[in-house]
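Text of the file target38.pdb, holding PDB, C-alpha atoms:
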```
ATOM      1  CA  MET A   1     -43.218  60.320  25.355  1.00  0.00           C
ATOM      2  CA  THR A   2     -41.666  63.232  23.456  1.00  0.00           C
ATOM      3  CA  ILE A   3     -41.230  66.518  25.294  1.00  0.00           C
ATOM      4  CA  PRO A   4     -41.993  69.500  23.026  1.00  0.00           C
ATOM      5  CA  ASP A   5     -39.076  71.812  22.257  1.00  0.00           C
ATOM      6  CA  PRO A   6     -39.851  75.129  23.999  1.00  0.00           C
ATOM      7  CA  ASP A   7     -38.202  77.015  21.114  1.00  0.00           C
ATOM      8  CA  SER A   8     -40.399  75.396  18.441  1.00  0.00           C
ATOM      9  CA  PRO A   9     -43.241  77.427  16.960  1.00  0.00           C
ATOM     10  CA  LEU A  10     -46.707  76.461  18.151  1.00  0.00           C
ATOM     11  CA  THR A  11     -49.212  75.886  15.342  1.00  0.00           C
ATOM     12  CA  ASP A  12     -52.949  75.129  15.520  1.00  0.00           C
ATOM     13  CA  ARG A  13     -55.986  75.273  13.287  1.00  0.00           C
ATOM     14  CA  VAL A  14     -58.955  77.364  14.375  1.00  0.00           C
ATOM     15  CA  THR A  15     -62.206  78.654  12.900  1.00  0.00           C
ATOM     16  CA  ALA A  16     -62.497  82.414  13.246  1.00  0.00           C
ATOM     17  CA  GLY A  17     -65.532  83.774  15.029  1.00  0.00           C
ATOM     18  CA  PRO A  18     -67.794  86.448  13.539  1.00  0.00           C
ATOM     19  CA  GLY A  19     -65.697  89.375  12.365  1.00  0.00           C
ATOM     20  CA  GLY A  20     -62.564  87.238  11.889  1.00  0.00           C
ATOM     21  CA  ALA A  21     -58.975  88.173  12.684  1.00  0.00           C
ATOM     22  CA  MET A  22     -57.233  91.452  11.798  1.00  0.00           C
ATOM     23  CA  THR A  23     -53.975  91.135   9.869  1.00  0.00           C
ATOM     24  CA  VAL A  24     -51.391  93.815   9.184  1.00  0.00           C
ATOM     25  CA  GLN A  25     -51.115  93.044   5.480  1.00  0.00           C
ATOM     26  CA  VAL A  26     -54.674  92.425   4.232  1.00  0.00           C
ATOM     27  CA  GLY A  27     -57.095  93.423   6.985  1.00  0.00           C
ATOM     28  CA  VAL A  28     -59.668  90.966   8.314  1.00  0.00           C
ATOM     29  CA  ILE A  29     -59.582  87.298   7.337  1.00  0.00           C
ATOM     30  CA  THR A  30     -62.241  84.762   8.255  1.00  0.00           C
ATOM     31  CA  GLY A  31     -62.969  81.057   8.044  1.00  0.00           C
ATOM     32  CA  ASP A  32     -60.687  78.108   8.748  1.00  0.00           C
ATOM     33  CA  LEU A  33     -57.306  79.504   9.742  1.00  0.00           C
ATOM     34  CA  THR A  34     -53.927  78.264  10.912  1.00  0.00           C
ATOM     35  CA  VAL A  35     -52.195  80.249  13.661  1.00  0.00           C
ATOM     36  CA  THR A  36     -48.451  80.010  14.413  1.00  0.00           C
ATOM     37  CA  THR A  37     -46.835  81.657  17.436  1.00  0.00           C
ATOM     38  CA  THR A  38     -43.033  81.879  17.465  1.00  0.00           C
ATOM     39  CA  ASP A  39     -40.642  83.016  20.194  1.00  0.00           C
ATOM     40  CA  ARG A  40     -38.333  85.589  18.563  1.00  0.00           C
ATOM     41  CA  GLY A  41     -35.634  85.039  21.171  1.00  0.00           C
ATOM     42  CA  ASP A  42     -35.764  88.596  22.503  1.00  0.00           C
ATOM     43  CA  GLY A  43     -38.641  88.250  24.965  1.00  0.00           C
ATOM     44  CA  THR A  44     -41.256  88.798  22.264  1.00  0.00           C
ATOM     45  CA  ALA A  45     -43.294  86.525  20.021  1.00  0.00           C
ATOM     46  CA  ARG A  46     -44.533  86.814  16.449  1.00  0.00           C
ATOM     47  CA  VAL A  47     -48.004  85.573  15.542  1.00  0.00           C
ATOM     48  CA  VAL A  48     -48.755  84.710  11.918  1.00  0.00           C
ATOM     49  CA  ILE A  49     -52.058  83.544  10.541  1.00  0.00           C
ATOM     50  CA  GLN A  50     -53.073  82.047   7.235  1.00  0.00           C
ATOM     51  CA  TYR A  51     -56.016  80.424   5.548  1.00  0.00           C
ATOM     52  CA  THR A  52     -55.641  76.725   6.291  1.00  0.00           C
ATOM     53  CA  GLY A  53     -54.023  75.040   3.300  1.00  0.00           C
ATOM     54  CA  ALA A  54     -52.829  78.309   1.741  1.00  0.00           C
ATOM     55  CA  GLU A  55     -49.227  79.451   1.413  1.00  0.00           C
ATOM     56  CA  ASP A  56     -49.671  83.177   2.128  1.00  0.00           C
ATOM     57  CA  ARG A  57     -49.036  84.099   5.750  1.00  0.00           C
ATOM     58  CA  TYR A  58     -50.008  87.334   7.476  1.00  0.00           C
ATOM     59  CA  ASP A  59     -48.962  88.983  10.729  1.00  0.00           C
ATOM     60  CA  LEU A  60     -51.781  89.175  13.256  1.00  0.00           C
ATOM     61  CA  GLU A  61     -52.320  92.812  14.215  1.00  0.00           C
ATOM     62  CA  GLY A  62     -50.644  93.791  17.489  1.00  0.00           C
ATOM     63  CA  GLY A  63     -47.463  91.774  17.160  1.00  0.00           C
ATOM     64  CA  PRO A  64     -44.759  91.281  17.934  1.00  0.00           C
ATOM     65  CA  VAL A  65     -45.816  91.123  21.571  1.00  0.00           C
ATOM     66  CA  ARG A  66     -43.999  90.573  24.846  1.00  0.00           C
ATOM     67  CA  ILE A  67     -44.219  86.947  25.981  1.00  0.00           C
ATOM     68  CA  PRO A  68     -46.350  86.776  29.145  1.00  0.00           C
ATOM     69  CA  PRO A  69     -45.499  84.898  32.340  1.00  0.00           C
ATOM     70  CA  GLY A  70     -46.086  81.241  31.584  1.00  0.00           C
ATOM     71  CA  GLY A  71     -44.430  81.461  28.187  1.00  0.00           C
ATOM     72  CA  VAL A  72     -45.313  81.203  24.528  1.00  0.00           C
ATOM     73  CA  ALA A  73     -47.891  78.437  25.126  1.00  0.00           C
ATOM     74  CA  VAL A  74     -49.962  80.791  27.293  1.00  0.00           C
ATOM     75  CA  LEU A  75     -49.830  83.471  24.594  1.00  0.00           C
ATOM     76  CA  HIS A  76     -50.690  80.963  21.854  1.00  0.00           C
ATOM     77  CA  ARG A  77     -53.781  79.727  23.726  1.00  0.00           C
ATOM     78  CA  ALA A  78     -54.904  83.339  24.258  1.00  0.00           C
ATOM     79  CA  VAL A  79     -54.469  84.063  20.533  1.00  0.00           C
ATOM     80  CA  LEU A  80     -56.531  80.988  19.615  1.00  0.00           C
ATOM     81  CA  ASP A  81     -59.290  82.100  22.002  1.00  0.00           C
ATOM     82  CA  ALA A  82     -59.256  85.614  20.544  1.00  0.00           C
ATOM     83  CA  VAL A  83     -59.515  84.331  16.952  1.00  0.00           C
ATOM     84  CA  ARG A  84     -62.353  81.959  17.921  1.00  0.00           C
ATOM     85  CA  THR A  85     -64.164  84.959  19.406  1.00  0.00           C
ATOM     86  CA  GLY A  86     -63.617  87.029  16.252  1.00  0.00           C
ATOM     87  CA  GLY A  87     -64.441  90.719  16.171  1.00  0.00           C
ATOM     88  CA  ALA A  88     -61.323  91.584  14.124  1.00  0.00           C
ATOM     89  CA  ALA A  89     -59.199  89.741  16.700  1.00  0.00           C
ATOM     90  CA  GLN A  90     -55.711  91.004  17.448  1.00  0.00           C
ATOM     91  CA  VAL A  91     -52.871  89.645  19.537  1.00  0.00           C
ATOM     92  CA  PRO A  92     -54.261  89.734  23.104  1.00  0.00           C
ATOM     93  CA  GLY A  93     -52.752  92.363  25.350  1.00  0.00           C
ATOM     94  CA  THR A  94     -52.218  94.894  22.575  1.00  0.00           C
ATOM     95  CA  ALA A  95     -54.166  98.038  21.913  1.00  0.00           C
ATOM     96  CA  PRO A  96     -55.855  98.603  18.540  1.00  0.00           C
ATOM     97  CA  ARG A  97     -54.028 100.987  16.214  1.00  0.00           C
ATOM     98  CA  PRO A  98     -55.696 104.403  15.828  1.00  0.00           C
TER      99      PRO A  98
END
```
Produce structure tokens that represent the structure in this file.
Amino acid sequence: MTIPDPDSPLTDRVTAGPGGAMTVQVGVITGDLTVTTTDRGDGTARVVIQYTGAEDRYDLEGGPVRIPPGGVAVLHRAVLDAVRTGGAAQVPGTAPRP
């Protein structure tokens, strides 16, 4: 059995719920998406999202974000849940920009 490297980015595919996910660069994206959460090494994580199979990557609104107790895996699961829910999903635990 291989133990995952805790410093490796976590990547999963997800289908966005109604209203999609809000990105910094292009606004809301919808459909089949790939989400990657990366520990930046300073106590925060970056979350990028892209259309599955595409090359362009976008920052999910609200990042970078402080890594919660439990680590990057806990944050990554929360991001996946938020994107599945939709509603212009942002990184959980961050307030929408005015």
*Residues at most 10 Å from A:Val28, counting all atoms listed in the file, excluding those fewer than 2 positions away in the same chain, as a VMD selection string?*
chain A and resid 19 to 26 30 60 to 61 86 to 90
Padding 5 Å on every side, please: axis-aligned box over the listed atoms of stretch 57-65 of chain A, centre and edge lengths to one decimal in Å, as JSON.
```
{"center_x": -48.5, "center_y": 88.9, "center_z": 13.7, "size_x": 17.6, "size_y": 19.7, "size_z": 25.8}
```
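If you look at atom CA of A:Ser8 and atom CA of A:Gly93, they are 22.1 Å away from each other.
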*Selected residue of minimal separation from A:Arg46 among A:Arg84, A:Arg13, A:Val91, A:Pro69, counting all atoms listed in the file*: A:Val91
*Residues around (-59.8, 79.2, 6.8), cut-off 9 Å, counting only C-alpha atoms - what are they as a ChimeraX atom specification?*
/A:13-16,29-34,50-54
*Rounded to one decimal place, report the atom CA of A:Pro68-atom CA of A:Val47 distance in Å.*
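Calculated distance between atom CA of A:Pro68 and atom CA of A:Val47 is 13.8 Å.
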_When you count only C-alpha atoms, which of these residues is closest to A:Leu80: A:Gly17, A:Gly27, A:Gly43, A:Pro64?_
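Of all the options, A:Gly17 lies closest to A:Leu80.
Between A:Asp12 and the candidates A:Val48, A:Val72, A:Val79, A:Val35, the tightest atom-to-atom separation, counting all atoms listed in the file, involves A:Val35.
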